[in-house]
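Visitor: So that you have it, the file is structure26.tsv, and it contains TSV, C-alpha atoms:
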```tsv
chain	number	residue	atom	x	y	z
C	271	GLY	CA	72.47	125.74	101.18
C	272	GLN	CA	74.68	127.82	98.96
C	273	ASN	CA	76.09	127.30	95.49
C	274	ILE	CA	78.64	129.48	93.73
C	275	ASP	CA	79.71	129.28	90.11
C	276	GLN	CA	82.61	131.09	88.48
C	277	PRO	CA	84.75	130.31	85.41
C	278	THR	CA	87.77	128.13	86.04
C	279	GLU	CA	90.28	129.99	83.91
C	280	MET	CA	90.56	133.25	81.98
C	281	THR	CA	93.33	134.81	79.94
C	282	ALA	CA	93.75	138.50	79.14
C	283	THR	CA	96.35	140.86	77.76
C	284	GLU	CA	98.37	143.39	79.72
C	285	GLY	CA	96.68	146.78	79.66
C	286	ALA	CA	93.27	145.34	78.83
C	287	ILE	CA	90.06	145.04	80.87
C	288	VAL	CA	88.72	141.72	82.13
C	289	GLN	CA	85.43	140.84	83.82
C	290	ILE	CA	85.20	137.79	86.09
C	291	ASN	CA	81.65	136.64	86.72
C	292	CYS	CA	80.20	134.92	89.75
C	293	THR	CA	76.67	133.53	89.97
C	294	TYR	CA	75.20	132.14	93.13
C	295	GLN	CA	72.18	130.57	94.78
C	296	THR	CA	71.63	131.04	98.48
C	297	SER	CA	68.88	130.84	101.06
C	298	GLY	CA	70.30	133.77	103.02
C	299	PHE	CA	72.43	136.68	101.82
C	300	ASN	CA	74.65	138.90	103.95
C	301	GLY	CA	77.20	140.10	101.46
C	302	LEU	CA	79.53	138.99	98.69
C	303	PHE	CA	83.31	139.25	98.80
C	304	TRP	CA	86.06	139.05	96.21
C	305	TYR	CA	89.53	137.89	97.22
C	306	GLN	CA	92.75	137.62	95.26
C	307	GLN	CA	95.13	134.73	95.83
C	308	HIS	CA	98.54	134.50	94.23
C	309	ALA	CA	100.00	131.02	93.93
C	310	GLY	CA	101.40	129.86	97.26
C	311	GLU	CA	100.13	132.91	99.12
C	312	ALA	CA	97.22	133.85	101.35
C	313	PRO	CA	93.97	135.21	99.90
C	314	THR	CA	93.72	138.97	100.25
C	315	PHE	CA	90.53	141.04	100.33
C	316	LEU	CA	89.61	143.01	97.22
C	317	SER	CA	85.99	144.11	97.54
C	318	TYR	CA	82.67	143.71	99.31
C	319	ASN	CA	79.12	144.22	98.05
C	320	VAL	CA	75.97	143.96	100.11
C	321	LEU	CA	73.70	146.32	98.14
C	322	ASP	CA	73.04	146.27	94.41
C	323	GLY	CA	75.35	148.33	92.29
C	324	LEU	CA	78.95	149.01	91.56
C	325	GLU	CA	81.75	149.47	94.08
C	326	GLU	CA	84.89	151.02	92.65
C	327	LYS	CA	88.33	150.87	94.19
C	328	GLY	CA	91.13	151.99	91.93
C	329	ARG	CA	91.65	149.58	89.04
C	330	PHE	CA	89.22	147.08	90.57
C	331	SER	CA	85.43	147.34	90.63
C	332	SER	CA	82.80	144.88	91.77
C	333	PHE	CA	79.13	144.74	90.84
C	334	LEU	CA	76.22	143.02	92.52
C	335	SER	CA	72.67	142.19	91.49
C	336	ARG	CA	70.91	140.37	94.32
C	337	SER	CA	67.76	139.70	92.30
C	338	LYS	CA	69.82	137.92	89.64
C	339	GLY	CA	72.23	136.21	92.05
C	340	TYR	CA	75.09	137.72	90.08
C	341	SER	CA	78.31	139.58	90.71
C	342	TYR	CA	81.34	140.47	88.67
C	343	LEU	CA	84.82	141.71	89.36
C	344	LEU	CA	86.17	144.15	86.79
C	345	LEU	CA	89.91	144.64	86.48
C	346	LYS	CA	91.13	147.56	84.40
C	347	GLU	CA	94.57	148.36	82.99
C	348	LEU	CA	95.72	144.83	83.62
C	349	GLN	CA	99.22	144.28	84.89
C	350	MET	CA	101.30	141.12	84.90
C	351	LYS	CA	101.06	141.03	88.69
C	352	ASP	CA	97.29	140.62	88.38
C	353	SER	CA	97.85	137.02	87.34
C	354	ALA	CA	96.28	135.17	90.26
C	355	SER	CA	93.23	133.25	91.38
C	356	TYR	CA	90.14	135.37	92.11
C	357	LEU	CA	87.75	133.96	94.69
C	358	CYS	CA	84.10	134.87	94.97
C	359	ALA	CA	82.80	134.30	98.51
C	360	LEU	CA	79.24	134.45	99.76
C	361	ARG	CA	78.35	135.32	103.31
C	362	GLY	CA	75.20	133.53	104.26
C	363	GLY	CA	72.97	133.39	107.26
C	364	SER	CA	75.17	131.60	109.78
C	365	ALA	CA	77.39	133.78	111.91
C	366	GLY	CA	80.80	134.05	110.34
C	367	LYS	CA	80.15	131.49	107.63
C	368	SER	CA	81.42	132.40	104.18
C	369	THR	CA	81.23	129.96	101.28
C	370	PHE	CA	83.92	130.28	98.64
C	371	GLY	CA	83.68	129.52	94.95
C	372	ASP	CA	86.29	127.39	93.21
C	373	GLY	CA	88.14	130.50	92.08
C	374	THR	CA	89.00	131.84	88.63
C	375	THR	CA	92.64	131.60	87.59
C	376	LEU	CA	93.50	134.69	85.58
C	377	THR	CA	96.60	134.71	83.39
C	378	VAL	CA	97.76	138.08	82.10
C	379	LYS	CA	99.94	137.88	79.01
C	380	PRO	CA	102.22	140.58	77.59
R	57	GLU	CA	104.77	141.57	113.49
R	58	THR	CA	101.46	142.46	111.93
R	59	GLY	CA	98.58	140.50	110.39
R	60	VAL	CA	98.01	136.78	110.72
R	61	THR	CA	100.94	134.44	111.28
R	62	GLN	CA	100.81	130.68	110.83
R	63	THR	CA	103.40	128.12	111.88
R	64	PRO	CA	104.79	125.88	110.63
R	65	ARG	CA	104.67	126.81	106.96
R	66	HIS	CA	105.24	123.21	105.91
R	67	LEU	CA	104.56	119.97	107.78
R	68	VAL	CA	105.03	116.34	106.83
R	69	MET	CA	103.54	113.77	109.15
R	70	GLY	CA	102.74	110.10	109.28
R	71	MET	CA	99.25	108.81	109.85
R	72	THR	CA	100.00	107.88	113.46
R	73	ASN	CA	101.61	111.20	114.41
R	74	LYS	CA	100.12	113.97	116.52
R	75	LYS	CA	100.95	117.52	115.50
R	76	SER	CA	99.52	121.00	115.97
R	77	LEU	CA	99.14	123.98	113.69
R	78	LYS	CA	99.39	127.42	115.23
R	79	CYS	CA	97.83	130.70	114.20
R	80	GLU	CA	98.33	134.10	115.77
R	81	GLN	CA	96.66	137.36	114.82
R	82	HIS	CA	97.93	140.80	115.74
R	83	LEU	CA	94.91	142.73	114.47
R	84	GLY	CA	92.82	142.90	117.62
R	85	HIS	CA	90.08	140.83	116.01
R	86	ASN	CA	87.44	138.84	117.86
R	87	ALA	CA	86.86	136.05	115.35
R	88	MET	CA	89.19	133.39	113.98
R	89	TYR	CA	88.72	130.70	111.35
R	90	TRP	CA	90.29	127.51	110.04
R	91	TYR	CA	89.95	126.66	106.33
R	92	LYS	CA	91.17	123.73	104.27
R	93	GLN	CA	92.27	124.34	100.69
R	94	SER	CA	92.84	121.25	98.55
R	95	ALA	CA	94.05	121.22	94.97
R	96	LYS	CA	91.28	122.09	92.51
R	97	LYS	CA	88.71	122.45	95.30
R	98	PRO	CA	87.28	125.58	96.88
R	99	LEU	CA	88.24	126.85	100.29
R	100	GLU	CA	86.36	124.78	102.84
R	101	LEU	CA	85.42	126.35	106.15
R	102	MET	CA	86.28	124.05	109.05
R	103	PHE	CA	85.78	126.01	112.28
R	104	VAL	CA	84.81	129.49	113.43
R	105	TYR	CA	85.60	130.97	116.83
R	106	SER	CA	84.11	134.18	118.16
R	107	LEU	CA	85.49	135.54	121.42
R	108	GLU	CA	87.12	132.16	122.07
R	109	GLU	CA	83.85	130.27	121.66
R	110	ARG	CA	83.34	127.88	118.78
R	111	VAL	CA	80.35	129.09	116.79
R	112	GLU	CA	80.67	126.91	113.70
R	113	ASN	CA	81.83	123.36	113.18
R	114	ASN	CA	81.40	122.42	109.57
R	115	SER	CA	81.08	118.64	109.95
R	116	VAL	CA	84.80	118.21	110.39
R	117	PRO	CA	86.12	114.74	111.39
R	118	SER	CA	87.18	114.42	115.01
R	119	ARG	CA	90.80	113.81	114.01
R	120	PHE	CA	90.90	117.61	113.67
R	121	SER	CA	90.57	119.32	117.04
R	122	PRO	CA	90.61	123.13	117.30
R	123	GLU	CA	91.59	125.13	120.33
R	124	CYS	CA	91.24	128.86	120.94
R	125	PRO	CA	92.85	129.81	124.28
R	126	ASN	CA	92.37	133.55	123.67
R	127	SER	CA	91.20	135.84	120.90
R	128	SER	CA	94.71	136.15	119.43
R	129	HIS	CA	95.63	132.48	119.18
R	130	LEU	CA	94.10	129.52	117.39
R	131	PHE	CA	95.41	125.97	117.19
R	132	LEU	CA	94.45	122.97	115.10
R	133	HIS	CA	95.47	119.70	116.72
R	134	LEU	CA	95.96	116.85	114.29
R	135	HIS	CA	95.74	113.15	115.19
R	136	THR	CA	95.59	109.98	113.09
R	137	LEU	CA	95.23	111.84	109.81
R	138	GLN	CA	94.63	110.26	106.43
R	139	PRO	CA	96.51	110.95	103.17
R	140	GLU	CA	93.44	112.76	101.81
R	141	ASP	CA	93.90	115.32	104.60
R	142	SER	CA	96.97	116.61	102.78
R	143	ALA	CA	96.16	120.21	101.88
R	144	LEU	CA	96.89	123.84	102.62
R	145	TYR	CA	95.38	124.85	105.96
R	146	LEU	CA	94.58	128.53	106.19
R	147	CYS	CA	93.82	130.55	109.26
R	148	ALA	CA	91.90	133.81	109.06
R	149	SER	CA	90.61	136.46	111.43
R	150	SER	CA	87.96	139.16	111.23
R	151	GLN	CA	86.74	141.92	113.50
R	152	ASP	CA	83.59	139.99	114.35
R	153	THR	CA	81.42	137.29	112.81
R	154	ALA	CA	78.25	139.32	112.41
R	155	GLY	CA	77.47	142.76	111.13
R	156	GLY	CA	79.45	144.98	108.83
R	157	LYS	CA	81.89	143.79	106.25
R	158	ASN	CA	83.70	141.24	108.36
R	159	ILE	CA	86.62	141.16	106.00
R	160	GLN	CA	88.71	138.10	106.69
R	161	TYR	CA	92.48	138.45	106.85
R	162	PHE	CA	94.32	135.27	106.01
R	163	GLY	CA	97.60	133.81	107.10
R	164	ALA	CA	100.00	132.33	104.56
R	165	GLY	CA	98.90	128.82	105.48
R	166	THR	CA	100.49	125.54	106.52
R	167	ARG	CA	101.15	123.09	103.69
R	168	LEU	CA	100.43	119.68	105.23
R	169	SER	CA	101.46	116.37	103.71
R	170	VAL	CA	100.26	113.15	105.31
R	171	LEU	CA	102.25	110.07	104.38
```
Represent the structure of the file as structure tokens.
Guide:
Amino acid sequence: GQNIDQPTEMTATEGAIVQINCTYQTSGFNGLFWYQQHAGEAPTFLSYNVLDGLEEKGRFSSFLSRSKGYSYLLLKELQMKDSASYLCALRGGSAGKSTFGDGTTLTVKP
Amino acid sequence: ETGVTQTPRHLVMGMTNKKSLKCEQHLGHNAMYWYKQSAKKPLELMFVYSLEERVENNSVPSRFSPECPNSSHLFLHLHTLQPEDSALYLCASSQDTAGGKNIQYFGAGTRLSVL
């Protein structure tokens, strides 16, 4: 089975940096995804990690440590539009099966 | 149109009704998915189709019946639903189910209310 844990809510200030953590337990690992979901909208892909290390994409970066069962999403230069839910998703052994965490609701304040 | 399109966006139905949700992807993908998203619960995978064949059925009650007539279209037929089935139903597609990133592209969802 798979288990994913991420904080329920976080608050940060516009222009700041925020790190959203995701810890997981799994019997099979084929990659970890981060998605962003604004209220009432579809989740959209942010990043993918399958090897240990940091993946950087503009203001967003994602880190993975497979030995620790740990990932984080780093958001720099926060903007008000970054207020959303951030979903950590684990791709396990079964074809096509991704398990999603509960999501972290980020509120960016002026 | 591009991406993944779901219709209807909102649906209210009684417990004895039969209705269908429709999903269409214009991305040339081979895999399609149905998810259920309830308030304060994580996305729950319901079904996975790869090249029109169901490859995953995540212990979903039989009152939910998927249909994938071709790789671009996916339906979810609903029959004799319960109030606890009220949720946002999301469709997604990806290039394939195995290998590579398999980024899933989501539709905007159908907000279902069962009375």
Visitor: Report as a ChimeraX atom specification all protein, DNA and RNA residues lying within 10 Å of region 117-131 of chain R, evaluated on only C-alpha atoms, omitting residues in the same chain fewer than 3 positions from it.
Guide: /R:60-63,74,76-90,102-110,113-114,134-138,141,147-149
Visitor: Have a look at CA of Ala286 (chain C) and CA of Glu347 (chain C) and let me know their distance in Å, one decimal.
Guide: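 A separation of 5.3 Å between them.
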Visitor: Could you tell me which residues of chain R sit within 9 Å of chain C when counting all atoms listed in the file, and give me the result as a list in words?
Guide: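 For chain R, the answer reads Ala87, Tyr89, Lys96, Lys97, Pro98, Leu99, Glu100, Leu101, Val104, Tyr105, Ser106, Val111, Glu112, Leu146, Ser150, Asp152, Thr153, Ala154, Gly155, Lys157, Asn158, Ile159, Gln160, Tyr161, Phe162, Gly163, Ala164 and Gly165 of chain R.
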Visitor: One number please: CA of Ser355 (chain C) to CA of Lys379 (chain C), in Å, one decimal.
Guide: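 Interatomic distance here is 14.8 Å.
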Visitor: Of the candidates R:Ala95, R:Ser142, R:Val170, R:His133, which shows the shortest atom-to-atom distance to Lys75 (chain R), using all atoms listed in the file?
Guide: R:His133
Visitor: Which residue is closest to Pro64 (chain R)? Choose from R:Ser94, R:Gln151, R:Leu144, R:Pro139 and count all atoms listed in the file.
Guide: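 The answer is R:Leu144, which sits nearest to Pro64 (chain R).
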Visitor: Between C:Thr377, C:Met350, C:Glu279, C:Val288, which one has atoms that come closest to Ser332 (chain C), using all atoms listed in the file?
Guide: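 Closest to Ser332 (chain C) of all the choices is C:Val288.
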Visitor: Using 3 Å of padding on each side, determine the axis-aligned box around all atoms of region 271-288 of chain C present in the file and give its centre and edge lengths in Å to one decimal, as lines of an AutoDock Vina configuration file.
Guide:
```
center_x = 85.4
center_y = 136.3
center_z = 89.5
size_x = 31.9
size_y = 27.0
size_z = 29.4
```
Visitor: Between C:Leu324, C:Ile287, C:Phe299, C:His308, which one has atoms that come closest to Tyr342 (chain C), using all atoms listed in the file?
Guide: C:Leu324
Visitor: Around the point (84.0, 144.7, 85.1), in the coordinates given by the file, pick out the residues reaching within 10 Å, counting all atoms listed in the file, and return them as a CSV table (one decimal) with C-alpha atoms, keeping the file's coordinate frame.
Guide:
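The resulting out.csv:
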```
chain,number,residue,atom,x,y,z
C,287,ILE,CA,90.1,145.0,80.9
C,288,VAL,CA,88.7,141.7,82.1
C,289,GLN,CA,85.4,140.8,83.8
C,290,ILE,CA,85.2,137.8,86.1
C,291,ASN,CA,81.6,136.6,86.7
C,324,LEU,CA,79.0,149.0,91.6
C,326,GLU,CA,84.9,151.0,92.6
C,329,ARG,CA,91.6,149.6,89.0
C,330,PHE,CA,89.2,147.1,90.6
C,331,SER,CA,85.4,147.3,90.6
C,332,SER,CA,82.8,144.9,91.8
C,333,PHE,CA,79.1,144.7,90.8
C,341,SER,CA,78.3,139.6,90.7
C,342,TYR,CA,81.3,140.5,88.7
C,343,LEU,CA,84.8,141.7,89.4
C,344,LEU,CA,86.2,144.2,86.8
C,345,LEU,CA,89.9,144.6,86.5
C,346,LYS,CA,91.1,147.6,84.4
```
Visitor: Between CA of Cys292 (chain C) and CA of Lys327 (chain C), measure the distance and give it in Å to one decimal.
Guide: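 Calculated distance between CA of Cys292 (chain C) and CA of Lys327 (chain C) is 18.4 Å.
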Visitor: Would you fill the gaps in region 71-105 of chain R so it has N, CA and C atoms, then print it as a compact mmCIF listing (two decimals), keeping the file's coordinate frame?
Guide:
```txt
# COMPACT_ATOMS: atom_id res chain seq x y z
N MET R 71 100.65 108.96 109.46
CA MET R 71 99.25 108.81 109.85
C MET R 71 99.07 108.58 111.34
N THR R 72 100.13 108.14 112.02
CA THR R 72 100.00 107.88 113.46
C THR R 72 100.52 109.04 114.31
N ASN R 73 101.04 110.07 113.67
CA ASN R 73 101.61 111.20 114.41
C ASN R 73 100.52 112.10 115.00
N LYS R 74 100.95 112.88 116.00
CA LYS R 74 100.12 113.97 116.52
C LYS R 74 100.91 115.26 116.33
N LYS R 75 100.29 116.24 115.72
CA LYS R 75 100.95 117.52 115.50
C LYS R 75 99.92 118.62 115.71
N SER R 76 100.42 119.86 115.82
CA SER R 76 99.52 121.00 115.97
C SER R 76 99.92 122.13 115.03
N LEU R 77 98.93 122.77 114.47
CA LEU R 77 99.14 123.98 113.69
C LEU R 77 98.80 125.17 114.57
N LYS R 78 99.59 126.23 114.40
CA LYS R 78 99.39 127.42 115.23
C LYS R 78 99.08 128.62 114.37
N CYS R 79 98.18 129.45 114.87
CA CYS R 79 97.83 130.70 114.20
C CYS R 79 97.79 131.81 115.23
N GLU R 80 98.34 132.95 114.87
CA GLU R 80 98.33 134.10 115.77
C GLU R 80 97.97 135.34 114.98
N GLN R 81 97.03 136.13 115.51
CA GLN R 81 96.66 137.36 114.82
C GLN R 81 96.97 138.56 115.70
N HIS R 82 97.49 139.59 115.04
CA HIS R 82 97.93 140.80 115.74
C HIS R 82 97.06 141.98 115.33
N LEU R 83 95.80 141.70 115.00
CA LEU R 83 94.91 142.73 114.47
C LEU R 83 93.84 143.16 115.47
N GLY R 84 93.84 142.56 116.64
CA GLY R 84 92.82 142.90 117.62
C GLY R 84 91.44 142.41 117.26
N HIS R 85 91.37 141.37 116.45
CA HIS R 85 90.08 140.83 116.01
C HIS R 85 89.48 139.88 117.06
N ASN R 86 88.15 139.71 116.92
CA ASN R 86 87.44 138.84 117.86
C ASN R 86 87.11 137.47 117.29
N ALA R 87 87.24 137.30 115.98
CA ALA R 87 86.86 136.05 115.35
C ALA R 87 88.05 135.43 114.61
N MET R 88 88.13 134.11 114.68
CA MET R 88 89.19 133.39 113.98
C MET R 88 88.62 132.16 113.32
N TYR R 89 89.26 131.75 112.22
CA TYR R 89 88.72 130.70 111.35
C TYR R 89 89.83 129.73 110.94
N TRP R 90 89.44 128.48 110.72
CA TRP R 90 90.29 127.51 110.04
C TRP R 90 89.61 127.10 108.73
N TYR R 91 90.41 127.12 107.64
CA TYR R 91 89.95 126.66 106.33
C TYR R 91 90.90 125.58 105.83
N LYS R 92 90.36 124.71 104.98
CA LYS R 92 91.17 123.73 104.27
C LYS R 92 91.09 124.06 102.78
N GLN R 93 92.26 124.09 102.12
CA GLN R 93 92.27 124.34 100.69
C GLN R 93 93.02 123.20 100.00
N SER R 94 92.25 122.36 99.30
CA SER R 94 92.84 121.25 98.55
C SER R 94 92.97 121.64 97.09
N ALA R 95 93.83 120.95 96.39
CA ALA R 95 94.05 121.22 94.97
C ALA R 95 92.74 121.08 94.20
N LYS R 96 92.45 122.10 93.39
CA LYS R 96 91.28 122.09 92.51
C LYS R 96 89.95 121.98 93.25
N LYS R 97 89.95 122.40 94.52
CA LYS R 97 88.71 122.45 95.30
C LYS R 97 88.60 123.81 95.96
N PRO R 98 87.40 124.27 96.24
CA PRO R 98 87.28 125.58 96.88
C PRO R 98 87.72 125.55 98.33
N LEU R 99 87.97 126.73 98.86
CA LEU R 99 88.24 126.85 100.29
C LEU R 99 87.07 126.26 101.08
N GLU R 100 87.40 125.40 102.02
CA GLU R 100 86.36 124.78 102.84
C GLU R 100 86.48 125.28 104.28
N LEU R 101 85.42 125.89 104.77
CA LEU R 101 85.42 126.35 106.15
C LEU R 101 85.36 125.16 107.09
N MET R 102 86.26 125.15 108.09
CA MET R 102 86.28 124.05 109.05
C MET R 102 85.67 124.50 110.38
N PHE R 103 86.23 125.55 110.95
CA PHE R 103 85.78 126.01 112.28
C PHE R 103 85.77 127.53 112.32
N VAL R 104 84.86 128.06 113.16
CA VAL R 104 84.81 129.49 113.43
C VAL R 104 84.78 129.69 114.94
N TYR R 105 85.61 130.59 115.42
CA TYR R 105 85.60 130.97 116.83
C TYR R 105 85.29 132.45 116.93
```
